[in-house]
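File shown: structure_31.cif (mmCIF, C-alpha atoms).
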```cif
data_input
#
loop_
_atom_site.label_atom_id
_atom_site.label_comp_id
_atom_site.auth_asym_id
_atom_site.auth_seq_id
_atom_site.Cartn_x
_atom_site.Cartn_y
_atom_site.Cartn_z
CA MET A 1 162.39 83.09 -3.84
CA LEU A 2 160.26 80.95 -1.55
CA LEU A 3 157.60 79.17 -3.59
CA ILE A 4 154.55 78.14 -1.59
CA TYR A 5 152.67 74.96 -2.54
CA ASN A 6 149.59 73.77 -0.70
CA ARG A 7 146.38 71.89 -1.19
CA PRO A 8 143.53 74.15 -2.30
CA GLY A 9 140.81 74.34 0.33
CA PHE A 10 142.95 73.23 3.27
CA VAL A 11 142.37 76.52 5.11
CA GLU A 12 138.61 76.01 5.03
CA GLU A 13 139.09 72.63 6.73
CA LEU A 14 140.80 74.23 9.74
CA THR A 15 138.99 75.31 12.86
CA GLU A 16 138.65 79.03 13.44
CA GLN A 17 141.37 78.81 16.09
CA GLN A 18 143.73 76.98 13.72
CA ARG A 19 143.09 79.59 10.98
CA ASP A 20 143.76 82.42 13.44
CA GLU A 21 147.01 80.74 14.52
CA LEU A 22 148.10 80.08 10.92
CA PHE A 23 147.46 83.66 9.76
CA GLY A 24 149.02 84.98 12.98
CA GLU A 25 152.21 83.02 12.25
CA VAL A 26 152.29 84.26 8.67
CA GLY A 27 151.82 87.82 9.93
CA ALA A 28 154.63 87.42 12.46
CA ILE A 29 157.04 86.05 9.84
CA MET A 30 156.16 88.83 7.39
CA LYS A 31 156.65 91.45 10.13
CA GLU A 32 160.04 89.95 11.02
CA LEU A 33 161.16 89.93 7.38
CA THR A 34 159.96 93.50 6.88
CA GLU A 35 161.76 94.73 9.99
CA SER A 36 164.97 92.88 9.09
CA GLY A 37 164.88 94.29 5.54
CA GLU A 38 164.85 90.78 4.04
CA LEU A 39 161.36 91.01 2.52
CA VAL A 40 161.45 92.04 -1.13
CA GLY A 41 157.83 91.16 -1.95
CA GLY A 42 155.35 88.38 -2.42
CA ASP A 43 151.86 87.48 -3.46
CA ALA A 44 149.23 84.84 -2.87
CA LEU A 45 147.64 83.37 -5.98
CA ALA A 46 143.93 82.99 -6.67
CA ASP A 47 142.35 79.53 -6.56
CA PRO A 48 143.82 77.23 -9.24
CA SER A 49 140.35 76.77 -10.76
CA THR A 50 140.66 80.33 -12.10
CA ALA A 51 143.88 79.54 -14.01
CA LYS A 52 144.36 79.10 -17.74
CA THR A 53 147.07 76.79 -19.06
CA VAL A 54 148.60 77.74 -22.41
CA ARG A 55 150.67 75.24 -24.38
CA GLU A 56 151.39 74.29 -27.95
CA LYS A 57 149.73 71.23 -29.42
CA ASP A 58 150.19 70.12 -33.02
CA GLY A 59 151.68 73.50 -33.92
CA ARG A 60 148.71 75.42 -32.52
CA VAL A 61 148.22 77.19 -29.23
CA ALA A 62 145.83 75.34 -26.94
CA VAL A 63 144.28 77.01 -23.88
CA THR A 64 142.62 74.95 -21.16
CA ASP A 65 140.84 75.97 -17.98
CA GLY A 66 142.53 75.48 -14.65
CA PRO A 67 145.88 73.90 -13.98
CA PHE A 68 146.55 71.12 -16.46
CA LEU A 69 148.47 68.97 -14.01
CA GLU A 70 146.62 66.49 -11.86
CA ALA A 71 148.05 67.27 -8.47
CA LYS A 72 146.93 67.38 -4.87
CA GLU A 73 148.86 70.56 -4.24
CA HIS A 74 149.26 73.65 -6.37
CA PHE A 75 151.50 76.70 -6.53
CA ALA A 76 149.77 79.04 -4.10
CA GLY A 77 152.07 82.05 -3.90
CA HIS A 78 155.58 83.31 -3.39
CA ILE A 79 157.72 85.35 -1.07
CA THR A 80 160.86 87.02 -2.38
CA VAL A 81 163.54 87.57 0.24
CA ASP A 82 167.03 89.02 0.13
CA CYS A 83 169.01 86.85 2.55
CA GLU A 84 172.63 86.44 3.45
CA SER A 85 172.56 82.73 2.56
CA VAL A 86 170.54 79.85 1.20
CA GLU A 87 170.53 78.44 4.72
CA ARG A 88 168.71 81.55 5.99
CA ALA A 89 166.11 81.23 3.21
CA VAL A 90 165.60 77.55 4.13
CA GLU A 91 165.19 78.54 7.78
CA ILE A 92 162.47 81.04 6.84
CA ALA A 93 160.73 78.48 4.60
CA SER A 94 160.84 75.83 7.33
CA ARG A 95 158.88 78.14 9.64
CA TRP A 96 156.09 78.80 7.11
CA PRO A 97 152.96 77.34 8.76
CA ASP A 98 151.46 75.79 5.58
CA VAL A 99 154.23 73.17 5.78
CA ARG A 100 152.63 71.70 8.91
CA PHE A 101 149.37 71.21 7.02
CA GLY A 102 150.82 69.18 4.15
CA GLY A 103 152.04 72.07 2.03
CA ARG A 104 155.62 72.59 1.00
CA MET A 105 158.02 75.39 0.28
CA GLU A 106 160.58 75.42 -2.49
CA VAL A 107 163.63 77.65 -2.09
CA ARG A 108 165.10 78.78 -5.38
CA ALA A 109 167.50 81.57 -6.31
CA LEU A 110 166.42 84.12 -8.88
CA MET A 111 168.55 84.36 -12.01
CA GLU A 112 170.30 87.60 -12.72
CA GLN A 113 169.24 89.26 -15.96
CA SER A 114 172.43 88.08 -17.65
CA GLY A 115 171.37 84.46 -17.06
CA THR A 116 174.92 83.39 -16.28
CA GLU A 117 173.71 81.09 -13.48
CA MET A 118 172.40 78.50 -15.96
#
```

Could you rewrite the structure in this file as structure tokens?
Amino acid sequence: MLLIYNRPGFVEELTEQQRDELFGEVGAIMKELTESGELVGGDALADPSTAKTVREKDGRVAVTDGPFLEAKEHFAGHITVDCESVERAVEIASRWPDVRFGGRMEVRALMEQSGTEM
């Protein structure tokens, strides 16, 4: 799984040309992954301000608005790919255009249902 992290609002700071280029690159990568059969799925996430954080505090469930962490970047979405190797997944992640604008990609294998990878 390729986890996408970026700074909320960075797209709005781009010029129209930069936005067109960014979304064009994303479209090209998604087309390539679809055609190669490597794309399993993926989703973008809504703005972090719409999130709810659920945790236990003093034995009771506490729910807060938004992400609880103070961070400059937030989990923005994911792409699930079925690749021949971790190196191929890293190559795909390194081409993701958000990385050039201060975002980052995390490459992490999915656990099988048996959980034997732990």

Exercise for the section: Between A:Glu56, A:Glu38, A:Glu73, A:Glu32, single out the one closest to A:Met105, counting only C-alpha atoms. Expected result: A:Glu73

Handout entry: Residue IDs satisfying the PyMOL selection byres ((chain A and resi 76-83) around 12), as an MDAnalysis selection string
Key = chainID A and resid 1:10 26 29:30 32:34 36:49 51 67 73:75 84:93 96 98 103:110

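Atom to atom, atom CA of A:Glu16 and atom CA of A:Ser94 stand 23.2 Å apart.
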
Practice task
Could you please determine the separation between atom CA of A:Asp20 and atom CA of A:Thr50 in Å, to one decimal place?
Solution key: 25.8 Å

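Atom CA of A:Gly102 is found 14.7 Å from atom CA of A:Arg19.
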
So that I can look at just that part, could you write stretch 74-105 of chain A with N, CA and C atoms, as a PDB file, in the first residue's frame?
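Final file, out.pdb:
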```pdb
ATOM      1  N   HIS A  74      -0.825  15.508   6.800  1.00  0.00           N
ATOM      2  CA  HIS A  74      -1.816  14.551   7.255  1.00  0.00           C
ATOM      3  C   HIS A  74      -1.960  13.443   6.227  1.00  0.00           C
ATOM      4  N   PHE A  75      -2.470  12.312   6.668  1.00  0.00           N
ATOM      5  CA  PHE A  75      -2.777  11.191   5.791  1.00  0.00           C
ATOM      6  C   PHE A  75      -3.852  11.655   4.818  1.00  0.00           C
ATOM      7  N   ALA A  76      -3.539  11.646   3.540  1.00  0.00           N
ATOM      8  CA  ALA A  76      -4.433  12.227   2.548  1.00  0.00           C
ATOM      9  C   ALA A  76      -5.118  11.192   1.663  1.00  0.00           C
ATOM     10  N   GLY A  77      -4.590   9.974   1.628  1.00  0.00           N
ATOM     11  CA  GLY A  77      -5.189   8.946   0.792  1.00  0.00           C
ATOM     12  C   GLY A  77      -4.254   7.766   0.651  1.00  0.00           C
ATOM     13  N   HIS A  78      -4.685   6.808  -0.164  1.00  0.00           N
ATOM     14  CA  HIS A  78      -3.866   5.615  -0.361  1.00  0.00           C
ATOM     15  C   HIS A  78      -4.082   5.042  -1.743  1.00  0.00           C
ATOM     16  N   ILE A  79      -3.079   4.343  -2.198  1.00  0.00           N
ATOM     17  CA  ILE A  79      -3.149   3.580  -3.439  1.00  0.00           C
ATOM     18  C   ILE A  79      -2.710   2.171  -3.077  1.00  0.00           C
ATOM     19  N   THR A  80      -3.482   1.184  -3.446  1.00  0.00           N
ATOM     20  CA  THR A  80      -3.081  -0.197  -3.229  1.00  0.00           C
ATOM     21  C   THR A  80      -2.643  -0.768  -4.567  1.00  0.00           C
ATOM     22  N   VAL A  81      -1.429  -1.297  -4.584  1.00  0.00           N
ATOM     23  CA  VAL A  81      -0.868  -1.865  -5.813  1.00  0.00           C
ATOM     24  C   VAL A  81      -0.435  -3.299  -5.559  1.00  0.00           C
ATOM     25  N   ASP A  82      -0.422  -4.089  -6.595  1.00  0.00           N
ATOM     26  CA  ASP A  82       0.050  -5.464  -6.534  1.00  0.00           C
ATOM     27  C   ASP A  82       1.269  -5.533  -7.430  1.00  0.00           C
ATOM     28  N   CYS A  83       2.454  -5.412  -6.815  1.00  0.00           N
ATOM     29  CA  CYS A  83       3.717  -5.301  -7.548  1.00  0.00           C
ATOM     30  C   CYS A  83       4.560  -6.555  -7.379  1.00  0.00           C
ATOM     31  N   GLU A  84       5.505  -6.691  -8.260  1.00  0.00           N
ATOM     32  CA  GLU A  84       6.445  -7.797  -8.183  1.00  0.00           C
ATOM     33  C   GLU A  84       7.408  -7.664  -7.015  1.00  0.00           C
ATOM     34  N   SER A  85       7.673  -6.419  -6.572  1.00  0.00           N
ATOM     35  CA  SER A  85       8.680  -6.222  -5.531  1.00  0.00           C
ATOM     36  C   SER A  85       8.433  -4.921  -4.780  1.00  0.00           C
ATOM     37  N   VAL A  86       9.055  -4.827  -3.612  1.00  0.00           N
ATOM     38  CA  VAL A  86       9.018  -3.583  -2.846  1.00  0.00           C
ATOM     39  C   VAL A  86       9.696  -2.481  -3.643  1.00  0.00           C
ATOM     40  N   GLU A  87      10.737  -2.823  -4.360  1.00  0.00           N
ATOM     41  CA  GLU A  87      11.455  -1.819  -5.161  1.00  0.00           C
ATOM     42  C   GLU A  87      10.538  -1.182  -6.202  1.00  0.00           C
ATOM     43  N   ARG A  88       9.663  -1.982  -6.821  1.00  0.00           N
ATOM     44  CA  ARG A  88       8.719  -1.437  -7.795  1.00  0.00           C
ATOM     45  C   ARG A  88       7.732  -0.495  -7.100  1.00  0.00           C
ATOM     46  N   ALA A  89       7.249  -0.867  -5.928  1.00  0.00           N
ATOM     47  CA  ALA A  89       6.331   0.001  -5.190  1.00  0.00           C
ATOM     48  C   ALA A  89       7.011   1.319  -4.825  1.00  0.00           C
ATOM     49  N   VAL A  90       8.276   1.256  -4.421  1.00  0.00           N
ATOM     50  CA  VAL A  90       9.031   2.470  -4.093  1.00  0.00           C
ATOM     51  C   VAL A  90       9.205   3.329  -5.339  1.00  0.00           C
ATOM     52  N   GLU A  91       9.437   2.701  -6.476  1.00  0.00           N
ATOM     53  CA  GLU A  91       9.588   3.449  -7.733  1.00  0.00           C
ATOM     54  C   GLU A  91       8.299   4.192  -8.063  1.00  0.00           C
ATOM     55  N   ILE A  92       7.158   3.532  -7.894  1.00  0.00           N
ATOM     56  CA  ILE A  92       5.865   4.187  -8.145  1.00  0.00           C
ATOM     57  C   ILE A  92       5.688   5.359  -7.179  1.00  0.00           C
ATOM     58  N   ALA A  93       5.942   5.121  -5.893  1.00  0.00           N
ATOM     59  CA  ALA A  93       5.779   6.167  -4.878  1.00  0.00           C
ATOM     60  C   ALA A  93       6.693   7.355  -5.158  1.00  0.00           C
ATOM     61  N   SER A  94       7.893   7.099  -5.634  1.00  0.00           N
ATOM     62  CA  SER A  94       8.844   8.190  -5.876  1.00  0.00           C
ATOM     63  C   SER A  94       8.402   9.089  -7.023  1.00  0.00           C
ATOM     64  N   ARG A  95       7.525   8.598  -7.873  1.00  0.00           N
ATOM     65  CA  ARG A  95       7.023   9.392  -8.996  1.00  0.00           C
ATOM     66  C   ARG A  95       5.758  10.176  -8.643  1.00  0.00           C
ATOM     67  N   TRP A  96       5.171   9.902  -7.473  1.00  0.00           N
ATOM     68  CA  TRP A  96       3.922  10.580  -7.101  1.00  0.00           C
ATOM     69  C   TRP A  96       4.202  12.069  -6.954  1.00  0.00           C
ATOM     70  N   PRO A  97       3.488  12.946  -7.660  1.00  0.00           N
ATOM     71  CA  PRO A  97       3.851  14.362  -7.710  1.00  0.00           C
ATOM     72  C   PRO A  97       3.741  15.113  -6.382  1.00  0.00           C
ATOM     73  N   ASP A  98       2.913  14.672  -5.452  1.00  0.00           N
ATOM     74  CA  ASP A  98       2.800  15.372  -4.160  1.00  0.00           C
ATOM     75  C   ASP A  98       4.150  15.450  -3.454  1.00  0.00           C
ATOM     76  N   VAL A  99       5.015  14.471  -3.701  1.00  0.00           N
ATOM     77  CA  VAL A  99       6.327  14.419  -3.047  1.00  0.00           C
ATOM     78  C   VAL A  99       7.133  15.686  -3.359  1.00  0.00           C
ATOM     79  N   ARG A 100       7.001  16.185  -4.577  1.00  0.00           N
ATOM     80  CA  ARG A 100       7.736  17.401  -4.962  1.00  0.00           C
ATOM     81  C   ARG A 100       7.246  18.647  -4.238  1.00  0.00           C
ATOM     82  N   PHE A 101       6.034  18.579  -3.686  1.00  0.00           N
ATOM     83  CA  PHE A 101       5.451  19.737  -3.014  1.00  0.00           C
ATOM     84  C   PHE A 101       5.450  19.566  -1.503  1.00  0.00           C
ATOM     85  N   GLY A 102       6.399  18.799  -0.985  1.00  0.00           N
ATOM     86  CA  GLY A 102       6.554  18.652   0.454  1.00  0.00           C
ATOM     87  C   GLY A 102       5.792  17.492   1.064  1.00  0.00           C
ATOM     88  N   GLY A 103       5.029  16.781   0.272  1.00  0.00           N
ATOM     89  CA  GLY A 103       4.327  15.605   0.779  1.00  0.00           C
ATOM     90  C   GLY A 103       5.278  14.425   0.865  1.00  0.00           C
ATOM     91  N   ARG A 104       4.766  13.308   1.290  1.00  0.00           N
ATOM     92  CA  ARG A 104       5.584  12.103   1.324  1.00  0.00           C
ATOM     93  C   ARG A 104       4.713  10.894   1.081  1.00  0.00           C
ATOM     94  N   MET A 105       5.349   9.829   0.699  1.00  0.00           N
ATOM     95  CA  MET A 105       4.668   8.558   0.470  1.00  0.00           C
ATOM     96  C   MET A 105       5.301   7.522   1.371  1.00  0.00           C
TER      97      MET A 105
END
```
